[in-house]
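K.L.:
Sending over upload36.cif (mmCIF, C-alpha atoms).
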data_model
#
loop_
_atom_site.label_atom_id
_atom_site.label_comp_id
_atom_site.auth_asym_id
_atom_site.auth_seq_id
_atom_site.Cartn_x
_atom_site.Cartn_y
_atom_site.Cartn_z
CA PRO A 1 158.38 94.53 129.73
CA PRO A 2 155.22 92.40 129.29
CA PRO A 3 152.93 92.13 132.34
CA SER A 4 154.25 89.94 135.13
CA SER A 5 153.68 86.21 134.68
CA THR A 6 151.77 86.25 137.94
CA THR A 7 148.94 88.03 136.12
CA ILE A 8 148.35 85.02 133.88
CA SER A 9 145.63 82.81 135.33
CA PRO A 10 144.92 79.18 134.48
CA ILE A 11 141.72 78.43 132.63
CA SER A 12 138.65 78.62 134.82
CA ILE A 13 137.91 75.68 137.07
CA SER A 14 134.65 77.19 138.23
CA SER A 15 131.75 74.82 138.72
CA THR A 16 129.44 77.35 137.05
CA PRO A 17 127.95 75.71 133.92
CA PHE A 18 129.10 77.05 130.57
CA GLU A 19 126.68 79.24 128.65
CA VAL A 20 125.34 77.31 125.68
CA THR A 21 126.41 78.98 122.44
CA PRO A 22 126.84 77.82 118.84
CA SER A 23 130.47 77.12 119.78
CA VAL A 24 129.17 74.05 121.61
CA LEU A 25 128.74 72.56 118.15
CA LEU A 26 132.52 72.51 117.86
CA GLU A 27 132.56 69.81 120.52
CA TYR A 28 130.84 67.52 118.04
CA THR A 29 133.34 68.05 115.21
CA PRO A 30 135.78 65.38 116.48
CA LEU A 31 132.81 63.05 116.96
CA SER A 32 131.40 63.53 113.46
CA LYS A 33 134.28 64.44 111.15
CA PRO A 34 135.83 60.93 111.18
CA TYR A 35 132.54 59.71 109.66
CA GLY A 36 132.60 62.38 106.95
CA ILE A 37 129.77 64.36 108.58
CA GLU A 38 130.13 68.09 109.28
CA LEU A 39 127.98 71.21 109.27
CA SER A 40 128.74 71.68 105.57
CA THR A 41 128.05 68.06 104.58
CA SER A 42 125.55 67.58 101.77
CA LEU A 43 122.85 65.08 102.72
CA ASP A 44 119.71 64.92 100.59
CA ALA A 45 116.25 63.82 101.68
CA THR A 46 116.61 60.37 100.08
CA GLN A 47 119.85 59.64 101.94
CA PHE A 48 118.28 60.83 105.17
CA ALA A 49 115.26 58.57 104.63
CA ASN A 50 117.51 55.57 103.98
CA LEU A 51 119.44 56.25 107.19
CA GLN A 52 116.20 56.56 109.11
CA THR A 53 114.99 53.22 107.78
CA SER A 54 118.28 51.61 108.78
CA ALA A 55 118.09 53.19 112.23
CA GLU A 56 114.59 51.88 112.75
CA GLY A 57 115.94 48.47 111.78
CA GLY A 58 118.32 48.58 114.74
CA SER A 59 121.53 49.99 113.27
CA ALA A 60 123.45 51.83 116.00
CA ASP A 61 125.59 53.61 113.40
CA SER A 62 122.55 54.84 111.48
CA SER A 63 120.89 56.09 114.67
CA TYR A 64 124.05 58.00 115.46
CA PHE A 65 124.22 59.49 111.97
CA ILE A 66 120.56 60.55 112.16
CA GLY A 67 121.32 62.21 115.48
CA LEU A 68 124.15 64.18 113.85
CA ALA A 69 121.88 65.10 110.93
CA TYR A 70 119.29 66.54 113.32
CA LEU A 71 121.96 68.31 115.34
CA TYR A 72 123.49 69.97 112.27
CA GLY A 73 120.26 70.43 110.34
CA LEU A 74 121.19 68.15 107.43
CA GLY A 75 119.05 66.15 105.00
CA GLY A 76 116.44 68.89 104.72
CA GLN A 77 115.78 68.79 108.47
CA LYS A 78 115.73 71.73 110.86
CA SER A 79 118.36 71.61 113.57
CA SER A 80 116.77 69.92 116.59
CA PRO A 81 118.89 69.02 119.63
CA VAL A 82 115.82 67.31 121.09
CA LYS A 83 115.49 64.87 118.17
CA ALA A 84 119.27 64.51 118.03
CA PHE A 85 119.29 63.49 121.68
CA ARG A 86 116.71 60.76 121.10
CA TYR A 87 118.76 59.15 118.36
CA PHE A 88 122.06 59.62 120.20
CA ARG A 89 120.62 57.96 123.29
CA THR A 90 119.25 55.05 121.25
CA SER A 91 122.64 54.50 119.63
CA ALA A 92 124.47 54.91 122.94
CA SER A 93 122.21 52.33 124.55
CA GLN A 94 123.35 49.92 121.82
CA GLY A 95 126.97 50.44 122.84
CA HIS A 96 128.07 53.09 120.31
CA GLY A 97 130.98 54.87 122.00
CA ASP A 98 130.82 58.19 120.16
CA ALA A 99 127.05 58.28 120.69
CA MET A 100 127.69 57.94 124.44
CA CYS A 101 129.87 61.05 124.26
CA ALA A 102 127.32 62.91 122.10
CA THR A 103 124.48 62.07 124.50
CA GLY A 104 126.52 63.21 127.47
CA ILE A 105 127.47 66.53 125.89
CA LEU A 106 123.82 67.52 125.34
CA LEU A 107 123.04 66.65 128.96
CA TYR A 108 126.17 68.42 130.18
CA TYR A 109 125.10 71.73 128.62
CA GLY A 110 121.35 71.19 128.83
CA TRP A 111 121.06 71.93 125.13
CA GLY A 112 117.61 70.93 123.93
CA VAL A 113 117.17 68.80 127.05
CA GLY A 114 117.23 69.52 130.76
CA ARG A 115 120.73 69.98 132.14
CA ASP A 116 121.65 66.74 133.89
CA THR A 117 125.29 66.75 134.97
CA LYS A 118 124.96 63.44 136.79
CA GLY A 119 123.47 61.81 133.69
CA ALA A 120 126.15 63.35 131.47
CA VAL A 121 128.94 62.06 133.71
CA ALA A 122 127.37 58.59 133.63
CA TRP A 123 127.53 58.56 129.81
CA PHE A 124 131.09 59.94 129.80
CA ASN A 125 132.07 57.25 132.27
CA ALA A 126 130.48 54.56 130.08
CA ALA A 127 132.44 55.86 127.07
CA SER A 128 135.65 55.96 129.10
CA GLU A 129 135.14 52.40 130.30
CA ALA A 130 134.64 51.41 126.67
CA ASN A 131 138.07 53.00 126.03
CA VAL A 132 136.68 55.75 123.78
CA PRO A 133 139.40 58.45 123.66
CA ARG A 134 137.00 61.39 123.84
CA GLY A 135 135.18 59.61 126.64
CA HIS A 136 138.39 59.82 128.67
CA TRP A 137 138.71 63.51 127.81
CA LEU A 138 135.09 64.43 128.59
CA LEU A 139 135.07 62.54 131.89
CA GLY A 140 138.42 64.10 132.81
CA ARG A 141 137.06 67.56 132.11
CA ALA A 142 134.09 66.86 134.37
CA TYR A 143 136.50 65.96 137.19
CA TYR A 144 138.64 69.00 136.38
CA GLU A 145 135.67 71.35 136.60
CA GLY A 146 134.29 69.82 139.79
CA ARG A 147 131.16 68.42 138.13
CA VAL A 148 131.53 64.91 139.54
CA SER A 149 131.77 66.03 143.15
CA LYS A 150 131.57 69.47 144.70
CA VAL A 151 135.27 70.15 144.20
CA PRO A 152 137.70 69.52 141.32
CA ASP A 153 139.60 66.23 141.41
CA PHE A 154 142.82 67.08 139.61
CA ASP A 155 144.45 63.70 140.20
CA GLU A 156 141.65 61.81 138.46
CA ALA A 157 141.36 64.50 135.78
CA GLY A 158 145.08 64.22 135.08
CA ARG A 159 144.88 60.43 134.83
CA LEU A 160 142.03 60.60 132.34
CA PHE A 161 143.63 63.42 130.33
CA GLY A 162 146.73 61.25 130.11
CA LEU A 163 144.74 58.35 128.66
CA ALA A 164 143.06 60.67 126.16
CA ALA A 165 146.34 62.36 125.21
CA GLU A 166 147.92 58.98 124.47
CA GLU A 167 145.12 58.43 121.96
CA GLY A 168 145.70 61.79 120.28
CA VAL A 169 143.05 64.01 121.87
CA GLY A 170 144.52 67.49 121.50
CA GLU A 171 142.30 69.15 124.09
CA ALA A 172 143.54 66.67 126.69
CA MET A 173 147.14 67.54 125.84
CA TYR A 174 146.32 71.22 126.30
CA HIS A 175 144.70 70.65 129.68
CA LEU A 176 147.65 68.57 130.82
CA GLY A 177 149.84 71.52 129.87
CA VAL A 178 147.74 73.83 132.05
CA MET A 179 147.96 71.40 134.94
CA PHE A 180 151.74 71.10 134.65
CA GLU A 181 152.13 74.87 134.32
CA TYR A 182 150.07 75.69 137.39
CA GLY A 183 151.17 72.86 139.65
CA LEU A 184 147.92 70.90 139.54
CA ILE A 185 149.54 67.61 138.63
CA SER A 186 152.70 65.71 139.54
CA ASP A 187 155.11 64.59 136.85
CA LYS A 188 156.33 61.35 138.41
CA ASP A 189 158.48 60.52 135.39
CA SER A 190 160.25 63.87 135.34
CA THR A 191 163.97 63.97 136.09
CA GLY A 192 163.61 67.41 137.57
CA ILE A 193 161.08 70.14 138.29
CA ASP A 194 161.62 73.58 136.79
CA GLU A 195 161.59 76.52 139.12
CA GLY A 196 158.13 77.98 138.97
CA MET A 197 155.28 79.17 141.13
CA PRO A 198 155.51 78.14 144.78
CA ARG A 199 153.23 75.53 146.20
CA ASN A 200 150.09 76.64 148.00
CA SER A 201 146.74 75.16 148.97
CA ASN A 202 145.47 75.37 145.39
CA THR A 203 148.66 74.14 143.70
CA PRO A 204 149.82 71.00 145.55
CA TYR A 205 152.79 70.48 143.23
CA SER A 206 155.54 72.69 141.88
CA SER A 207 155.04 74.02 138.37
CA ASN A 208 156.79 72.14 135.59
CA PHE A 209 157.10 74.71 132.82
CA LYS A 210 159.18 72.51 130.54
CA LYS A 211 156.60 69.71 130.58
CA ALA A 212 153.79 72.25 130.13
CA ALA A 213 155.51 73.72 127.08
CA GLU A 214 155.93 70.24 125.58
CA MET A 215 152.20 69.54 126.01
CA TYR A 216 151.21 72.88 124.47
CA GLU A 217 153.59 72.36 121.56
CA GLU A 218 152.15 68.93 120.78
CA ALA A 219 148.54 70.04 121.11
CA TRP A 220 149.17 73.02 118.85
CA GLY A 221 151.60 71.46 116.40
CA LYS A 222 149.69 68.24 115.77
CA HIS A 223 146.08 69.20 116.50
CA ARG A 224 145.93 72.99 116.14
CA VAL A 225 144.22 73.50 119.51
CA ALA A 226 144.10 77.30 119.54
CA GLU A 227 144.29 77.71 123.33
CA ALA A 228 147.36 75.48 123.38
CA GLY A 229 148.97 77.73 120.76
CA TYR A 230 148.09 80.77 122.86
CA HIS A 231 149.65 79.31 125.99
CA LEU A 232 152.71 78.25 124.00
CA ALA A 233 153.11 81.83 122.78
CA LEU A 234 152.94 83.02 126.39
CA MET A 235 155.65 80.52 127.33
CA HIS A 236 157.86 82.03 124.61
CA ALA A 237 156.98 85.55 125.80
CA TYR A 238 157.84 84.93 129.45
CA GLY A 239 160.60 82.38 128.97
CA ARG A 240 158.75 79.67 130.86
CA GLY A 241 160.15 76.21 130.10
CA MET A 242 162.15 77.64 127.19
CA PRO A 243 164.37 80.65 126.41
CA GLN A 244 162.46 83.92 126.26
CA ASN A 245 161.83 84.85 122.63
CA ALA A 246 159.54 87.75 121.80
CA VAL A 247 159.83 87.17 118.05
CA LYS A 248 158.56 83.58 118.27
CA ALA A 249 155.79 84.69 120.63
CA SER A 250 154.78 87.50 118.28
CA ASP A 251 154.77 85.20 115.24
CA LEU A 252 152.55 82.71 117.02
CA PHE A 253 150.20 85.40 118.35
CA ARG A 254 149.86 86.68 114.78
CA VAL A 255 148.88 83.24 113.43
CA LEU A 256 146.29 82.87 116.19
CA ALA A 257 144.92 86.36 115.61
CA ASN A 258 144.65 86.02 111.83
CA ASP A 259 143.66 82.37 111.44
CA HIS A 260 141.72 81.75 114.65
CA VAL A 261 140.36 85.24 115.49
CA HIS A 262 141.87 84.84 118.96
CA ALA A 263 141.15 87.93 121.06
CA GLY A 264 143.87 87.21 123.61
CA ALA A 265 146.50 86.95 120.88
CA MET A 266 145.31 90.24 119.36
CA ARG A 267 145.64 91.91 122.75
CA TYR A 268 149.17 90.67 123.23
CA LEU A 269 150.11 91.89 119.76
CA GLY A 270 148.87 95.29 120.86
CA ILE A 271 150.92 95.10 124.07
CA PHE A 272 153.99 93.98 122.15
CA ALA A 273 153.59 96.87 119.70
CA VAL A 274 153.43 99.34 122.61
CA TYR A 275 156.69 98.05 124.10
CA GLY A 276 158.40 97.15 120.83
CA HIS A 277 158.63 93.44 121.65
CA GLY A 278 159.04 91.34 118.52
CA MET A 279 158.98 94.53 116.42
CA PRO A 280 161.68 95.56 113.90
CA ASP A 281 164.64 96.92 115.90
CA ASP A 282 162.48 96.59 119.06
CA VAL A 283 160.88 99.95 118.27
CA SER A 284 157.40 100.73 119.57
CA ASP A 285 154.63 101.16 117.01
CA TYR A 286 151.66 102.85 118.65
CA GLN A 287 149.57 102.95 115.49
CA LYS A 288 149.92 99.18 115.12
CA ALA A 289 149.05 98.81 118.79
CA VAL A 290 145.81 100.72 118.25
CA VAL A 291 145.00 98.51 115.25
CA TRP A 292 145.40 95.31 117.26
CA PHE A 293 143.53 96.63 120.29
CA ASP A 294 140.72 97.72 117.97
CA LYS A 295 140.51 94.28 116.35
CA CYS A 296 140.45 92.66 119.77
CA ALA A 297 137.72 95.02 120.96
CA ARG A 298 135.53 93.95 118.04
CA VAL A 299 135.75 90.25 118.90
CA ASN A 300 132.85 88.95 120.96
CA ASP A 301 134.92 87.84 123.94
CA GLU A 302 133.60 89.14 127.26
CA THR A 303 136.80 88.43 129.17
CA ILE A 304 139.17 90.22 126.77
CA SER A 305 137.33 92.63 124.48
CA GLY A 306 136.43 95.08 127.25
CA LYS A 307 140.09 95.40 128.26
CA CYS A 308 141.06 96.02 124.65
CA LYS A 309 138.54 98.84 124.31
CA LEU A 310 140.04 100.61 127.31
CA GLU A 311 143.61 100.03 126.12
CA ARG A 312 142.76 101.22 122.60
CA GLU A 313 141.38 104.50 123.92
CA GLU A 314 144.26 104.90 126.37
CA ILE A 315 146.84 104.59 123.58
CA ARG A 316 144.87 106.88 121.27
CA GLN A 317 144.63 109.57 123.95
CA ALA A 318 148.31 109.24 124.79
CA VAL A 319 149.27 109.60 121.12
CA ASP A 320 146.95 112.60 120.70
CA ARG A 321 148.47 114.29 123.75
CA ALA A 322 151.98 113.61 122.48
CA ASN A 323 151.13 114.93 119.03
CA GLY A 324 149.62 118.03 120.61
CA ARG A 325 152.80 118.70 122.59
CA ILE A 326 154.91 118.21 119.46
CA ASP A 327 152.72 120.67 117.52
CA ASP A 328 153.10 123.25 120.29
CA MET A 329 156.87 122.74 120.37
CA MET A 330 157.11 123.10 116.59
CA LYS A 331 155.09 126.31 116.64
CA THR A 332 157.30 127.75 119.36
CA PHE A 333 160.45 126.61 117.61
CA GLY A 334 159.34 127.95 114.24
CA SER A 335 158.57 131.41 115.64
CA SER A 336 161.89 131.78 117.46
CA GLU A 337 165.09 133.27 116.13
CA ASN A 338 166.54 129.79 116.10
CA GLY A 339 163.67 128.38 114.04
CA PHE A 340 163.80 126.41 110.81
CA GLU A 341 164.41 129.53 108.75
CA SER A 342 167.71 130.19 110.50
CA LEU A 343 169.02 126.63 110.10
CA THR A 344 171.80 126.27 107.54
CA PRO A 345 172.58 123.04 105.67
CA LEU A 346 175.41 120.95 107.04
#
As structure tokens - that is how I would like this structure written.
P.N.:
Amino acid sequence: PPPSSTTISPISISSTPFEVTPSVLLEYTPLSKPYGIELSTSLDATQFANLQTSAEGGSADSSYFIGLAYLYGLGGQKSSPVKAFRYFRTSASQGHGDAMCATGILLYYGWGVGRDTKGAVAWFNAASEANVPRGHWLLGRAYYEGRVSKVPDFDEAGRLFGLAAEEGVGEAMYHLGVMFEYGLISDKDSTGIDEGMPRNSNTPYSSNFKKAAEMYEEAWGKHRVAEAGYHLALMHAYGRGMPQNAVKASDLFRVLANDHVHAGAMRYLGIFAVYGHGMPDDVSDYQKAVVWFDKCARVNDETISGKCKLEREEIRQAVDRANGRIDDMMKTFGSSENGFESLTPL
């Protein structure tokens, strides 16, 4: 069977700051895409100059757009988080909600500016008070990760995630799913709690797998949050909050692996191939397992890729040993009096 569900851990709630990588840019997509601005947006020098003139004239929107242009390197400009921060902060100071979020994110990660968690939280709080959906989400994440105080505040995080989820923030739906799954939040409106992990000092409430699955399904189905899809696949695999269904899990893992280059999904496809879960006639396919473990090993994911390298080699060695034994058996069989030559057709 698949590994025990007790081996699945919730997403990290460590207070250690995230390493700044280009993936941080993805946090700006929901803040820029509604305005028609993305990394691939075409913005010429004349358009940039017009925006700059408008920004200097006091337009909060134009200041925000200039900040995005500097962040993404549009309008003939080199990407400059430092310049982006200046324009974001100017726009935020004028009451622009998305600019408040953008300013806070740069401070949160210390990207182009000194890391200032307290300052970031202040901007997230301002955005949340202005009822900006992603402001709720960003402030909730800060509480979740223990950045507001020295320890995580799951109650406040859950409240803020709930506000963000109501406004369609997919990441908030996903995090609510994690909190329901691991007993970090109470479902006061639930008519019953599913049997799940027992309560302990780190999980004050019983797990609600059904509610978790609903959150993952909404975050994945409506907003294509990859981690929500991954957790939903695990729920199918282990029968948590829904009937166990290896085929549905396998199908979802395959979408995540192919469309989202998700290392965890690739690894599970390898595991499923080893045990025959979700495979035709439930038959193991070791060659396919090696293929998936190899793909996973090539993904730059420190937490998963190393495991896949070891599992790939383990399966390869096991197959080689088995093939060697079969070759030896065939040689012995072929040289005996009862070998192939002595077999008669049925």
K.L.:
Do you have the CA of Gly97 in chain A-CA of Ala127 in chain A distance handy?
P.N.:
5.4 Å
K.L.:
Taking only residues of range 104-132 of chain A that have an atom at most 9 Å from an atom of range 73-95 of chain A, what is each one's shortest atom pair and its distance in Å to one decimal, using all atoms listed in the file, in chain and number order, as JSON lines?
P.N.:
{"residue": "A:Gly104", "atom": "CA", "partner": "A:Arg89", "partner_atom": "CA", "distance": 8.9}
{"residue": "A:Leu106", "atom": "CA", "partner": "A:Phe85", "partner_atom": "CA", "distance": 7.1}
{"residue": "A:Leu107", "atom": "CA", "partner": "A:Phe85", "partner_atom": "CA", "distance": 8.8}
{"residue": "A:Trp111", "atom": "CA", "partner": "A:Pro81", "partner_atom": "CA", "distance": 6.6}
{"residue": "A:Gly112", "atom": "CA", "partner": "A:Pro81", "partner_atom": "CA", "distance": 4.9}
{"residue": "A:Val113", "atom": "CA", "partner": "A:Val82", "partner_atom": "CA", "distance": 6.3}
{"residue": "A:Trp123", "atom": "CA", "partner": "A:Ala92", "partner_atom": "CA", "distance": 8.4}
{"residue": "A:Ala127", "atom": "CA", "partner": "A:Gly95", "partner_atom": "CA", "distance": 8.8}
{"residue": "A:Ala130", "atom": "CA", "partner": "A:Gly95", "partner_atom": "CA", "distance": 8.6}
K.L.:
Just the number, please: distance in Å from CA of Ser186 in chain A to CA of Tyr174 in chain A, one decimal.
P.N.:
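These two atoms are separated by 15.7 Å.
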K.L.:
May I ask for the distance between CA of Asp282 in chain A and CA of Thr303 in chain A, given in Å to one decimal place?
P.N.:
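Between CA of Asp282 in chain A and CA of Thr303 in chain A the gap works out to 28.8 Å.
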K.L.:
Which neighbours of Ile37 in chain A fall inside 12 Å, counting all atoms listed in the file, when residues of the same chain fewer than 5 positions from it are skipped, and could you give them as an MDAnalysis selection string?
P.N.:
chainID A and resid 28:32 42:43 64:75
K.L.:
Would you translate the PyMOL selection byres ((chain A and resi 161) around 7) into the concrete set of residues it matches in this file, as a count of residues only?
P.N.:
13
K.L.:
Identify, on the basis of only C-alpha atoms, every residue whose closest approach to Gly177 in chain A does not exceed 7 Å; exclude the query and any residue fewer than 2 positions from it along the same chain; express the result as a PyMOL selection string.
P.N.:
chain A and resi 173-175+179-181+212-213+215-216
K.L.:
Assuming the chain letters and numbering stay as they are in my file, what does the PyMOL selection byres ((chain A and resi 286) around 8) actually select? List them as a PyMOL selection string.
P.N.:
chain A and resi 273-274+284-285+287-290+315+319
K.L.:
Can you work out which one of A:Val225, A:Ala49, A:Ala322, A:Leu139 has the shortest atom-to-atom distance to His262 in chain A, counting all atoms listed in the file?
P.N.:
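Smallest distance to His262 in chain A is found for A:Val225.
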K.L.:
Selection in question (the file shown): the PyMOL selection byres ((chain A and resi 260) around 12). Which residues does it include, as a PyMOL selection string?
P.N.:
chain A and resi 224-227+229-230+252-259+261-266+299
K.L.:
Around range 229-235 of chain A, fit a box with edges along x, y and z, padding it by 6 Å on each side, then list its centre and edge lengths in Å to one decimal as lines of an AutoDock Vina configuration file.
P.N.:
center_x = 151.9
center_y = 80.4
center_z = 124.0
size_x = 19.6
size_y = 17.3
size_z = 18.6
K.L.:
Once you've located range 228-239 of chain A in the structure I gave, write it as a compact mmCIF listing (two decimals), in the first residue's frame, keeping N, CA, C and O atoms.
P.N.:
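Below is the file selection-v9.txt, written as the result:
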# COMPACT_ATOMS: atom_id res chain seq x y z
N ALA A 228 -2.92 22.73 -3.67
CA ALA A 228 -4.26 22.26 -3.30
C ALA A 228 -4.60 21.01 -4.10
O ALA A 228 -5.16 20.04 -3.56
N GLY A 229 -4.24 21.00 -5.38
CA GLY A 229 -4.46 19.82 -6.21
C GLY A 229 -3.67 18.63 -5.70
O GLY A 229 -4.16 17.49 -5.69
N TYR A 230 -2.45 18.89 -5.25
CA TYR A 230 -1.60 17.83 -4.72
C TYR A 230 -2.21 17.23 -3.45
O TYR A 230 -2.30 16.00 -3.30
N HIS A 231 -2.66 18.08 -2.55
CA HIS A 231 -3.28 17.59 -1.32
C HIS A 231 -4.59 16.88 -1.62
O HIS A 231 -4.94 15.89 -0.95
N LEU A 232 -5.33 17.34 -2.61
CA LEU A 232 -6.57 16.68 -2.99
C LEU A 232 -6.27 15.28 -3.52
O LEU A 232 -6.99 14.32 -3.19
N ALA A 233 -5.21 15.14 -4.30
CA ALA A 233 -4.81 13.83 -4.80
C ALA A 233 -4.46 12.89 -3.65
O ALA A 233 -4.80 11.70 -3.66
N LEU A 234 -3.79 13.43 -2.63
CA LEU A 234 -3.45 12.62 -1.46
C LEU A 234 -4.70 12.18 -0.72
O LEU A 234 -4.76 11.06 -0.19
N MET A 235 -5.70 13.06 -0.67
CA MET A 235 -6.96 12.70 -0.01
C MET A 235 -7.61 11.53 -0.74
O MET A 235 -8.14 10.60 -0.13
N HIS A 236 -7.58 11.57 -2.08
CA HIS A 236 -8.10 10.44 -2.87
C HIS A 236 -7.27 9.19 -2.59
O HIS A 236 -7.82 8.08 -2.45
N ALA A 237 -5.95 9.34 -2.52
CA ALA A 237 -5.06 8.19 -2.35
C ALA A 237 -5.28 7.49 -1.01
O ALA A 237 -5.26 6.26 -0.92
N TYR A 238 -5.48 8.26 0.04
CA TYR A 238 -5.60 7.70 1.38
C TYR A 238 -7.05 7.56 1.85
O TYR A 238 -7.31 7.06 2.94
N GLY A 239 -8.00 8.02 1.05
CA GLY A 239 -9.39 7.94 1.46
C GLY A 239 -9.71 8.83 2.64
O GLY A 239 -10.44 8.45 3.55
